[in-house]
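*Asks:* This one is structure-v2.cif, mmCIF, C-alpha atoms and all ligand atoms.
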data_entry
#
loop_
_atom_site.label_atom_id
_atom_site.label_comp_id
_atom_site.auth_asym_id
_atom_site.auth_seq_id
_atom_site.Cartn_x
_atom_site.Cartn_y
_atom_site.Cartn_z
CA MET A 1 2.84 23.42 -10.24
CA ASN A 2 -0.51 21.80 -9.34
CA ILE A 3 -0.81 18.15 -10.33
CA LEU A 4 -4.04 16.17 -10.17
CA GLY A 5 -3.35 12.58 -9.04
CA ILE A 6 -5.86 9.78 -9.58
CA ASP A 7 -5.75 6.23 -8.22
CA THR A 8 -8.47 3.65 -8.90
CA SER A 9 -6.23 0.58 -8.79
CA CYS A 10 -8.28 -1.46 -6.33
CA ASP A 11 -11.27 -0.57 -4.19
CA ASP A 12 -10.69 3.11 -3.34
CA THR A 13 -11.57 5.94 -5.71
CA SER A 14 -8.89 8.53 -4.90
CA ALA A 15 -8.03 11.95 -6.24
CA ALA A 16 -5.72 14.64 -4.90
CA VAL A 17 -4.16 17.93 -5.86
CA VAL A 18 -0.50 18.29 -4.90
CA SER A 19 1.49 21.46 -5.42
CA ASP A 20 5.18 21.24 -6.44
CA GLY A 21 5.37 17.56 -5.58
CA CYS A 22 5.08 18.00 -1.83
CA ARG A 23 2.22 20.24 -0.65
CA VAL A 24 -1.09 18.39 -0.52
CA LEU A 25 -3.86 20.91 -1.27
CA ALA A 26 -6.60 18.29 -1.09
CA SER A 27 -6.81 14.51 -0.96
CA VAL A 28 -10.11 12.67 -1.28
CA VAL A 29 -10.61 8.92 -0.92
CA ASN A 30 -13.95 7.26 -1.44
CA SER A 31 -13.68 3.87 0.25
CA GLN A 32 -15.72 0.92 -1.01
CA VAL A 33 -15.16 -1.14 2.14
CA LYS A 34 -18.88 -1.30 2.96
CA ILE A 35 -19.69 -2.66 -0.50
CA HIS A 36 -17.08 -5.44 -0.43
CA HIS A 37 -17.44 -6.23 3.28
CA PRO A 38 -20.18 -8.88 2.89
CA TYR A 39 -17.99 -10.82 0.42
CA GLY A 40 -14.87 -10.87 2.63
CA GLY A 41 -12.73 -9.35 -0.12
CA VAL A 42 -12.79 -7.06 -3.14
CA VAL A 43 -15.20 -8.08 -5.92
CA PRO A 44 -13.58 -6.67 -9.10
CA GLU A 45 -16.83 -6.19 -11.03
CA LEU A 46 -18.43 -4.24 -8.18
CA ALA A 47 -15.25 -2.20 -7.72
CA SER A 48 -15.20 -0.92 -11.31
CA ARG A 49 -18.89 -0.02 -11.18
CA GLU A 50 -18.32 1.95 -7.98
CA HIS A 51 -15.33 3.76 -9.49
CA LEU A 52 -17.54 4.78 -12.43
CA ARG A 53 -20.11 6.18 -10.03
CA ASN A 54 -17.51 7.97 -7.90
CA ILE A 55 -14.75 9.29 -10.13
CA VAL A 56 -16.46 12.56 -11.16
CA PRO A 57 -17.62 13.58 -7.66
CA VAL A 58 -14.29 12.55 -6.09
CA VAL A 59 -12.23 14.69 -8.51
CA SER A 60 -14.69 17.59 -8.07
CA GLU A 61 -14.34 17.33 -4.31
CA ALA A 62 -10.54 17.33 -4.61
CA LEU A 63 -10.62 20.46 -6.80
CA SER A 64 -13.04 22.30 -4.53
CA GLY A 65 -11.10 21.17 -1.44
CA ALA A 66 -7.98 22.69 -3.00
CA LYS A 67 -10.02 25.85 -3.83
CA LEU A 68 -9.06 25.44 -7.48
CA ASP A 69 -10.83 24.75 -10.71
CA MET A 70 -9.80 22.66 -13.71
CA ARG A 71 -7.86 25.56 -15.24
CA ASP A 72 -5.42 25.66 -12.30
CA ILE A 73 -4.24 22.08 -12.91
CA ARG A 74 -0.98 21.83 -14.88
CA GLY A 75 -0.70 18.05 -15.23
CA VAL A 76 -2.52 14.79 -14.57
CA ALA A 77 -0.94 11.67 -13.06
CA VAL A 78 -2.91 8.45 -13.05
CA THR A 79 -2.19 4.93 -11.82
CA ILE A 80 -1.98 2.53 -14.76
CA GLY A 81 -0.94 -0.61 -12.82
CA PRO A 82 -0.53 -2.97 -11.16
CA GLY A 83 -4.14 -3.43 -10.14
CA LEU A 84 -7.57 -4.58 -11.23
CA ILE A 85 -7.99 -3.94 -14.95
CA GLY A 86 -11.62 -2.76 -14.78
CA SER A 87 -10.84 -0.42 -11.90
CA LEU A 88 -7.67 1.01 -13.46
CA LEU A 89 -9.51 1.72 -16.73
CA VAL A 90 -11.97 4.06 -15.04
CA GLY A 91 -9.20 6.27 -13.65
CA LEU A 92 -7.17 6.16 -16.86
CA TYR A 93 -10.03 7.16 -19.14
CA TYR A 94 -11.09 9.96 -16.83
CA ALA A 95 -7.47 11.22 -16.78
CA LYS A 96 -7.23 11.03 -20.56
CA GLY A 97 -10.40 13.10 -20.92
CA PHE A 98 -9.22 15.66 -18.39
CA ALA A 99 -5.74 16.06 -19.93
CA TYR A 100 -7.11 16.16 -23.49
CA VAL A 101 -9.70 18.82 -22.76
CA ARG A 102 -7.30 20.97 -20.74
CA LYS A 103 -4.37 20.34 -23.14
CA ILE A 104 -2.03 19.53 -20.26
CA PRO A 105 0.57 16.76 -19.79
CA MET A 106 -0.50 13.35 -18.55
CA VAL A 107 1.69 10.57 -17.11
CA GLY A 108 0.91 6.97 -16.16
CA ILE A 109 2.18 5.95 -12.72
CA ASN A 110 3.15 2.61 -11.26
CA HIS A 111 1.08 2.20 -8.07
CA LEU A 112 4.11 0.88 -6.17
CA GLU A 113 6.22 3.87 -7.15
CA GLY A 114 3.42 5.92 -5.57
CA HIS A 115 3.65 3.95 -2.31
CA ILE A 116 7.47 4.13 -2.26
CA LEU A 117 7.39 7.92 -2.71
CA SER A 118 4.44 8.59 -0.38
CA ILE A 119 6.89 9.46 2.42
CA PHE A 120 7.75 12.67 0.51
CA LEU A 121 4.24 13.94 1.27
CA GLU A 122 5.47 14.34 4.87
CA GLU A 123 7.85 16.87 6.36
CA ASP A 124 10.17 14.35 7.97
CA ILE A 125 11.78 12.71 4.93
CA PRO A 126 14.75 10.36 4.46
CA SER A 127 17.66 11.07 2.17
CA PHE A 128 18.57 8.70 -0.65
CA PRO A 129 19.48 5.88 -0.71
CA PHE A 130 17.01 4.01 1.47
CA VAL A 131 15.32 0.64 1.73
CA ALA A 132 11.55 0.71 1.16
CA LEU A 133 9.10 -1.91 2.34
CA THR A 134 5.78 -1.71 0.51
CA VAL A 135 3.36 -3.82 2.42
CA SER A 136 -0.31 -3.86 1.53
CA GLY A 137 -3.23 -6.09 0.55
CA GLY A 138 -1.79 -6.76 -2.88
CA HIS A 139 1.96 -6.39 -2.39
CA THR A 140 4.84 -7.13 -0.08
CA SER A 141 8.15 -6.02 -1.59
CA LEU A 142 11.52 -4.65 -0.63
CA TYR A 143 13.31 -2.08 -2.77
CA LEU A 144 16.57 -0.23 -2.76
CA VAL A 145 15.61 3.35 -3.62
CA GLU A 146 18.51 5.44 -4.93
CA GLY A 147 16.56 8.44 -6.19
CA PHE A 148 13.27 9.42 -7.81
CA GLY A 149 12.63 6.79 -10.47
CA ARG A 150 15.59 4.65 -9.35
CA TYR A 151 14.25 1.50 -7.72
CA THR A 152 15.77 -1.97 -7.49
CA LEU A 153 13.53 -4.81 -6.38
CA MET A 154 15.36 -6.77 -3.65
CA GLY A 155 12.68 -9.24 -2.66
CA GLN A 156 8.96 -9.87 -2.77
CA THR A 157 6.32 -12.28 -1.60
CA LEU A 158 6.25 -15.62 -3.35
CA ASP A 159 2.58 -16.14 -2.50
CA ASP A 160 0.23 -14.04 -0.33
CA ALA A 161 0.86 -10.39 0.49
CA ALA A 162 1.09 -9.57 4.21
CA GLY A 163 -2.17 -7.58 4.10
CA GLU A 164 -3.84 -10.48 2.32
CA ALA A 165 -2.74 -12.75 5.18
CA PHE A 166 -4.29 -10.30 7.69
CA ASP A 167 -7.50 -10.26 5.64
CA LYS A 168 -7.66 -14.06 5.29
CA VAL A 169 -6.92 -14.69 8.96
CA ALA A 170 -9.59 -12.14 9.92
CA LYS A 171 -12.03 -14.11 7.77
CA VAL A 172 -11.10 -17.38 9.51
CA LEU A 173 -11.61 -15.63 12.87
CA HIS A 174 -14.97 -14.21 11.64
CA LEU A 175 -13.76 -10.66 12.20
CA GLY A 176 -14.88 -9.20 8.86
CA TYR A 177 -13.08 -7.38 6.06
CA PRO A 178 -10.60 -5.70 5.81
CA GLY A 179 -8.74 -7.59 8.49
CA GLY A 180 -5.68 -5.54 9.40
CA VAL A 181 -7.31 -2.91 11.56
CA VAL A 182 -9.55 -5.40 13.42
CA ILE A 183 -6.70 -7.82 14.10
CA GLU A 184 -4.51 -5.00 15.38
CA LYS A 185 -7.28 -3.78 17.70
CA LEU A 186 -8.08 -7.24 19.03
CA SER A 187 -4.38 -7.98 19.56
CA HIS A 188 -4.16 -5.26 22.22
CA SER A 189 -5.89 -7.57 24.69
CA GLY A 190 -4.09 -10.73 23.55
CA ASP A 191 -0.84 -12.46 24.49
CA LYS A 192 1.54 -12.48 21.51
CA GLU A 193 3.59 -15.30 23.04
CA LYS A 194 0.64 -17.67 23.51
CA ILE A 195 0.89 -19.54 20.22
CA HIS A 196 4.02 -19.88 18.13
CA PHE A 197 2.92 -19.65 14.50
CA PRO A 198 5.63 -20.51 11.94
CA ARG A 199 7.80 -17.77 10.46
CA ALA A 200 8.88 -18.47 6.88
CA HIS A 201 12.38 -17.09 6.48
CA LEU A 202 13.09 -19.09 3.30
CA ALA A 203 16.75 -19.54 2.30
CA PRO A 204 19.37 -17.87 4.54
CA GLY A 205 19.74 -14.23 3.51
CA SER A 206 16.69 -14.42 1.22
CA LEU A 207 14.72 -11.21 0.96
CA ASP A 208 11.63 -12.92 -0.41
CA PHE A 209 8.55 -13.46 1.73
CA SER A 210 5.97 -16.22 2.09
CA PHE A 211 2.81 -15.77 4.14
CA SER A 212 0.62 -18.62 2.92
CA GLY A 213 2.11 -21.07 5.46
CA ILE A 214 1.25 -18.96 8.46
CA LYS A 215 -2.24 -18.33 7.11
CA THR A 216 -2.83 -22.08 6.77
CA SER A 217 -1.31 -22.72 10.17
CA VAL A 218 -3.72 -20.22 11.79
CA ALA A 219 -6.67 -21.74 9.89
CA LEU A 220 -5.77 -25.27 11.12
CA TYR A 221 -5.28 -24.02 14.67
CA VAL A 222 -8.64 -22.22 14.64
CA LYS A 223 -10.44 -25.30 13.30
CA LYS A 224 -9.22 -27.32 16.27
CA TRP A 225 -9.70 -24.45 18.71
CA GLU A 226 -13.34 -23.89 17.71
CA THR A 227 -14.35 -27.43 18.58
CA SER A 228 -12.30 -27.93 21.72
CA ALA A 229 -13.30 -26.41 25.05
CA GLN A 230 -9.85 -27.26 26.40
CA GLU A 231 -8.09 -25.33 23.61
CA LYS A 232 -10.47 -22.42 24.18
CA ASP A 233 -9.51 -22.35 27.83
CA GLN A 234 -5.87 -22.11 26.88
CA ALA A 235 -6.02 -19.34 24.28
CA SER A 236 -8.51 -16.58 23.52
CA LEU A 237 -9.41 -15.12 20.13
CA ALA A 238 -7.27 -12.10 21.05
CA ASP A 239 -4.30 -14.41 21.80
CA ILE A 240 -4.62 -15.95 18.32
CA ALA A 241 -4.80 -12.50 16.69
CA ALA A 242 -1.81 -11.19 18.68
CA SER A 243 0.31 -14.30 18.02
CA PHE A 244 -0.46 -14.15 14.29
CA GLN A 245 0.33 -10.42 14.09
CA GLU A 246 3.60 -10.94 15.95
CA ALA A 247 4.68 -13.68 13.53
CA VAL A 248 4.01 -11.51 10.45
CA VAL A 249 5.70 -8.47 11.99
CA ASP A 250 8.73 -10.57 13.03
CA VAL A 251 9.35 -11.67 9.45
CA LEU A 252 8.88 -8.17 8.01
CA VAL A 253 11.29 -6.63 10.52
CA GLN A 254 13.88 -9.36 10.11
CA LYS A 255 13.90 -9.10 6.28
CA VAL A 256 14.13 -5.32 6.35
CA MET A 257 17.12 -5.53 8.67
CA VAL A 258 18.83 -8.00 6.31
CA ALA A 259 18.18 -5.61 3.39
CA VAL A 260 19.64 -2.74 5.41
CA GLU A 261 22.74 -4.76 6.18
CA LYS A 262 23.18 -5.82 2.54
CA THR A 263 22.85 -2.28 1.18
CA GLY A 264 24.48 -0.28 3.96
CA VAL A 265 21.72 2.37 3.88
CA SER A 266 20.84 4.37 6.98
CA SER A 267 17.09 4.80 6.44
CA VAL A 268 14.07 2.55 6.08
CA VAL A 269 10.73 3.63 4.64
CA MET A 270 7.52 1.68 5.16
CA ALA A 271 4.39 2.29 3.09
CA GLY A 272 1.14 0.58 2.11
CA GLY A 273 -1.86 -0.29 4.28
CA VAL A 274 -0.03 -2.69 6.62
CA ALA A 275 2.48 0.07 7.42
CA CYS A 276 -0.35 1.62 9.51
CA ASN A 277 0.17 -1.22 11.98
CA LYS A 278 1.55 0.18 15.24
CA VAL A 279 3.26 -3.03 16.33
CA LEU A 280 5.10 -3.15 13.00
CA ARG A 281 6.12 0.50 13.42
CA GLU A 282 7.31 -0.02 17.00
CA ASN A 283 9.13 -3.29 16.38
CA MET A 284 10.83 -1.88 13.27
CA LYS A 285 12.05 1.11 15.27
CA ALA A 286 13.19 -1.12 18.11
CA ALA A 287 15.30 -3.18 15.69
CA ALA A 288 16.62 -0.25 13.63
CA SER A 289 17.23 2.56 16.12
CA PRO A 290 20.04 0.88 18.12
CA LYS A 291 21.91 0.50 14.81
CA GLY A 292 21.46 4.18 13.97
CA ILE A 293 18.95 3.41 11.20
CA GLY A 294 16.09 5.90 10.80
CA VAL A 295 12.58 4.52 10.27
CA PHE A 296 10.14 6.65 8.25
CA TYR A 297 6.47 6.09 7.47
CA PRO A 298 3.74 8.37 6.24
CA ARG A 299 0.58 9.12 8.23
CA PRO A 300 -2.06 6.36 7.85
CA ALA A 301 -4.04 8.30 5.20
CA TYR A 302 -0.94 8.30 2.96
CA CYS A 303 -0.02 4.68 3.78
CA THR A 304 -3.26 3.34 2.33
CA ASP A 305 -4.16 3.98 -1.30
CA ASN A 306 -4.45 7.67 -2.14
CA GLY A 307 -4.20 10.04 -5.11
CA ALA A 308 -1.65 12.31 -3.43
CA MET A 309 1.21 9.80 -3.76
CA ILE A 310 0.33 9.42 -7.45
CA ALA A 311 0.34 13.21 -7.97
CA LEU A 312 3.74 13.40 -6.24
CA ALA A 313 5.24 10.63 -8.40
CA GLY A 314 3.68 12.28 -11.47
CA TYR A 315 5.20 15.65 -10.62
CA HIS A 316 8.73 14.20 -10.72
CA ARG A 317 8.05 12.55 -14.08
CA ILE A 318 6.35 15.60 -15.60
CA ILE A 319 9.12 18.03 -14.60
CA HIS A 320 11.59 15.66 -16.27
CA GLY A 321 9.63 15.92 -19.49
CA GLU A 322 7.85 12.58 -19.40
CA ARG A 323 4.58 12.59 -21.36
CA ALA A 324 2.02 9.88 -22.13
CA ASP A 325 -0.22 9.99 -25.16
CA LEU A 326 -3.83 8.95 -25.52
CA SER A 327 -2.84 5.41 -26.54
CA MET A 328 -1.55 4.64 -23.01
CA ASP A 329 -3.13 1.49 -21.56
CA VAL A 330 -3.46 -0.14 -18.13
CA LYS A 331 -1.36 -3.11 -16.92
CA SER A 332 -2.63 -5.63 -14.39
CA ARG A 333 1.01 -6.64 -13.78
CA PHE A 334 3.58 -3.85 -13.86
CA PRO A 335 7.00 -4.82 -12.45
CA ILE A 336 8.85 -1.77 -11.20
CA ASP A 337 11.83 -2.72 -13.38
CA ASP A 338 9.64 -1.92 -16.42
CA LEU A 339 9.38 1.72 -15.33
CA ALA A 340 10.78 4.30 -17.67
CA PRO A 341 13.85 5.73 -15.89
CA LEU A 342 13.64 9.45 -15.17
CA PRO A 343 15.78 11.46 -17.56
CA GLY A 344 18.78 13.26 -16.10
O1 LIG A 401 -2.43 -0.05 0.61
P1 LIG A 401 -3.82 -0.55 0.83
O2 LIG A 401 -4.86 0.46 1.24
O3 LIG A 401 -4.38 -1.23 -0.47
C1 LIG A 401 -3.66 -2.10 -1.27
O4 LIG A 401 -2.96 -1.60 -2.20
O5 LIG A 401 -3.77 -3.30 -1.00
O6 LIG A 401 -3.73 -1.74 1.90
C2 LIG A 401 -4.84 -2.45 2.37
C3 LIG A 401 -4.36 -3.61 3.23
C4 LIG A 401 -5.45 -4.56 3.69
O7 LIG A 401 -5.01 -5.88 3.47
C5 LIG A 401 -5.58 -4.26 5.18
O8 LIG A 401 -5.99 -5.39 5.94
C6 LIG A 401 -4.17 -3.86 5.53
O9 LIG A 401 -3.72 -3.10 4.42
N1 LIG A 401 -4.12 -3.02 6.75
C7 LIG A 401 -3.51 -3.37 7.88
C8 LIG A 401 -3.74 -2.33 8.82
N2 LIG A 401 -4.48 -1.36 8.20
C9 LIG A 401 -4.70 -1.80 6.92
N3 LIG A 401 -2.80 -4.47 8.21
C10 LIG A 401 -2.29 -4.56 9.47
N4 LIG A 401 -2.50 -3.60 10.42
C11 LIG A 401 -3.20 -2.48 10.13
N5 LIG A 401 -3.38 -1.55 11.07
ZN ZN A 402 -1.76 0.17 -2.58
#
I need this file expressed as C-alpha cells, please.

*Replies:*
Amino acid sequence: MNILGIDTSCDDTSAAVVSDGCRVLASVVNSQVKIHHPYGGVVPELASREHLRNIVPVVSEALSGAKLDMRDIRGVAVTIGPGLIGSLLVGLYYAKGFAYVRKIPMVGINHLEGHILSIFLEEDIPSFPFVALTVSGGHTSLYLVEGFGRYTLMGQTLDDAAGEAFDKVAKVLHLGYPGGVVIEKLSHSGDKEKIHFPRAHLAPGSLDFSFSGIKTSVALYVKKWETSAQEKDQASLADIAASFQEAVVDVLVQKVMVAVEKTGVSSVVMAGGVACNKVLRENMKAAASPKGIGVFYPRPAYCTDNGAMIALAGYHRIIHGERADLSMDVKSRFPIDDLAPLPG
C-alpha cells in the first residue's frame, strides 16, 4: 500500500512515498536553510511562503522518484502539528486537495509520532517496548513507546530544546545557522574538558530537561573570552564548542539511562536532528551497551524532518481504519497524549 507522506511543520518542505509502512520508494526534502540563514533562525512568514512555492514540485519529485503517478497512491498522511501554523497549513491543504481529488483516505499525523517511528524506516529495528528520545530544534522529550500509537511522555524540556541550544550557542560563537552541524564539526579539534559548563539535572530522578542555563553560561563565557587575550590563550573557539557539546550530550545520555532504569526496557531509540550528532550516538552507546541496552537511530536523512516518517506513521493509522475529514485543522501545540489511540 503506497502512502504519500507530507511534512511542512517547520522550514523543510518534505514529501515521500512509502510502501507498506517500511519501504521508502522516494523521499524528497527541500531545505530552506539558505533563506533563514541570514536571520539566525527560522522566520515563520518566509517559511510558509517557501512551502507554498515548493509543495507542488516536491510532491511531483517524490512521485516521479518512486516511478508512480497520483493514481498509485492509496492514502495521504500529513503533519498537522506541532509546528508553525502557517507552514503546517500549506501541507494540510495540499493533502486535503490530493485526497479529495483521488478519493483516498487521509490522516493527520503528530510530528513527534513521526520522529518516534522513524526508526522503522530502517532494517535494524527495536522491539517494543522501548524508550525514545526525540531531540531536535523544537523538541526534547522522552517517551515510553509500547507499540504503534502507544506513547507515554516521561519527560520534556522545561525551556529550550537541545537543538535550539546548539543553534543559539552557534549564533553567540558567530558560526551561523543551523548550529548543530557546525558545532559538531568544530568540536573535533577542541578539548571537551577545557571548560566545565553547568549540567542541569533538575530534581533527583527527574526526566525533564533544561538547556537555557547552559546557553546563558556559554554566552557569558564568550562575552568575557572575546575581550580578554588571556582567556583566548587558555581556550580556543573549538574548546568552547566541544565543552558545550559535551555538557548537552552528558545530560541527554544521563536522562535516557534513568528512563531505561525506570522502565526496564532493553532498547533506546534516538530521533530528531540532534540525533545526527556522532558524539551523542557514541556516548549513548558507551553508556547503554555495557548494560545490554541496544541503541537505535535512523540514518541522518530520517533523523531530520522528512515525509517518510509521516507516511510510515500514517500507514499504521490508515490500516487501522483511521480517517480524517476535510474539516481537520492544524495545531501549533499537539501533546502526544492527545493522539487518537490506534484501534485494536
Ligand atoms: O528534526 P530537525 O530537522 O527539525 C526540527 O524539528 O527541529 O532538527 C533540527 C535541529 C537544529 O536545531 C540543528 O541544529 C540540530 O537539529 N542538529 C544537530 C546536528 N544536526 C542537526 N545538533 C547537533 N549535532 C548535529 N550533528
Ligand atoms: Zn522535527

*Asks:* Just want the residues within 10 Å of ligand ZN 402 (chain A), written as an MDAnalysis selection string, counting only C-alpha atoms and all ligand atoms.

*Replies:* chainID A and resid 7:12 82:83 111:115 134:139 271:274 302:306

*Asks:* Which value, in Å to one decimal, gives the distance between atom CA of A:Val43 and atom CA of A:Thr13?

*Replies:*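 Computing the Euclidean distance for atom CA of A:Val43 and atom CA of A:Thr13 yields 14.5 Å.
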
*Asks:* Considering all atoms listed in the file, state which residue in the set A:Pro204, A:Gly314, A:Pro129, A:Gly180 is at the smallest distance from ligand LIG 401 (chain A).

*Replies:* A:Gly180

*Asks:* For A:Gly155, which residue out of A:Gln245, A:Ser31, A:Thr227, A:Ser206 is the nearest one, using all atoms listed in the file?

*Replies:*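 Comparing A:Gln245, A:Ser31, A:Thr227, A:Ser206 against A:Gly155, the winner is A:Ser206.
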
*Asks:* List as a ChimeraX atom specification the protein and nucleic acid residues near A:Ala308, meaning an atom at most 9 Å away when all atoms listed in the file are counted, but skip any in the same chain fewer than 5 places from it.

*Replies:* /A:4-7,14-18,22,24,26-28,114,118,121,302,313

*Asks:* Could you take the residues named above and write them with C-alpha atoms, as a PDB file, in the coordinates of the input?

*Replies:*
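File written: selection_38.pdb
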ATOM      1  CA  LEU A   4      -4.040  16.170 -10.170  1.00  0.00           C
ATOM      2  CA  GLY A   5      -3.350  12.580  -9.040  1.00  0.00           C
ATOM      3  CA  ILE A   6      -5.860   9.780  -9.580  1.00  0.00           C
ATOM      4  CA  ASP A   7      -5.750   6.230  -8.220  1.00  0.00           C
ATOM      5  CA  SER A  14      -8.890   8.530  -4.900  1.00  0.00           C
ATOM      6  CA  ALA A  15      -8.030  11.950  -6.240  1.00  0.00           C
ATOM      7  CA  ALA A  16      -5.720  14.640  -4.900  1.00  0.00           C
ATOM      8  CA  VAL A  17      -4.160  17.930  -5.860  1.00  0.00           C
ATOM      9  CA  VAL A  18      -0.500  18.290  -4.900  1.00  0.00           C
ATOM     10  CA  CYS A  22       5.080  18.000  -1.830  1.00  0.00           C
ATOM     11  CA  VAL A  24      -1.090  18.390  -0.520  1.00  0.00           C
ATOM     12  CA  ALA A  26      -6.600  18.290  -1.090  1.00  0.00           C
ATOM     13  CA  SER A  27      -6.810  14.510  -0.960  1.00  0.00           C
ATOM     14  CA  VAL A  28     -10.110  12.670  -1.280  1.00  0.00           C
ATOM     15  CA  GLY A 114       3.420   5.920  -5.570  1.00  0.00           C
ATOM     16  CA  SER A 118       4.440   8.590  -0.380  1.00  0.00           C
ATOM     17  CA  LEU A 121       4.240  13.940   1.270  1.00  0.00           C
ATOM     18  CA  TYR A 302      -0.940   8.300   2.960  1.00  0.00           C
ATOM     19  CA  ALA A 313       5.240  10.630  -8.400  1.00  0.00           C
TER      20      ALA A 313
END

*Asks:* Just checking: using all atoms listed in the file, which residue out of A:Gln234, A:Thr79, A:Asn2, A:Ser210 ends up closest to ligand LIG 401 (chain A)?

*Replies:*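 The shortest atom-to-atom distance to ligand LIG 401 (chain A) comes from A:Thr79.
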
*Asks:* Between atom CA of A:Tyr39 and atom CA of A:Tyr177, what is the distance, to one decimal in Å?

*Replies:*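 Atom-to-atom, atom CA of A:Tyr39 to atom CA of A:Tyr177, that is 8.2 Å.
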
*Asks:* If you count only C-alpha atoms, which residues fall within 10 Å of A:Gln156, apart from same-chain ones fewer than 3 positions away, as an mmCIF file with C-alpha atoms, keeping the file's coordinate frame?

*Replies:*
data_model
loop_
_atom_site.group_PDB
_atom_site.id
_atom_site.type_symbol
_atom_site.label_atom_id
_atom_site.label_comp_id
_atom_site.auth_asym_id
_atom_site.auth_seq_id
_atom_site.Cartn_x
_atom_site.Cartn_y
_atom_site.Cartn_z
ATOM 1 C CA LEU A 133 9.100 -1.910 2.340
ATOM 2 C CA THR A 134 5.780 -1.710 0.510
ATOM 3 C CA VAL A 135 3.360 -3.820 2.420
ATOM 4 C CA HIS A 139 1.960 -6.390 -2.390
ATOM 5 C CA THR A 140 4.840 -7.130 -0.080
ATOM 6 C CA SER A 141 8.150 -6.020 -1.590
ATOM 7 C CA LEU A 142 11.520 -4.650 -0.630
ATOM 8 C CA TYR A 143 13.310 -2.080 -2.770
ATOM 9 C CA LEU A 153 13.530 -4.810 -6.380
ATOM 10 C CA ASP A 159 2.580 -16.140 -2.500
ATOM 11 C CA ASP A 160 0.230 -14.040 -0.330
ATOM 12 C CA ALA A 161 0.860 -10.390 0.490
ATOM 13 C CA SER A 206 16.690 -14.420 1.220
ATOM 14 C CA LEU A 207 14.720 -11.210 0.960
ATOM 15 C CA ASP A 208 11.630 -12.920 -0.410
ATOM 16 C CA PHE A 209 8.550 -13.460 1.730
ATOM 17 C CA SER A 210 5.970 -16.220 2.090
#

*Asks:* Output as lines of an AutoDock Vina configuration file the centre and edge lengths (Å, one decimal) of the box along x, y and z of the file that holds every listed atom of ligand LIG 401 (chain A) after adding 3 Å on each side.

*Replies:*
center_x = -4.1
center_y = -2.7
center_z = 4.4
size_x = 9.7
size_y = 12.3
size_z = 19.3
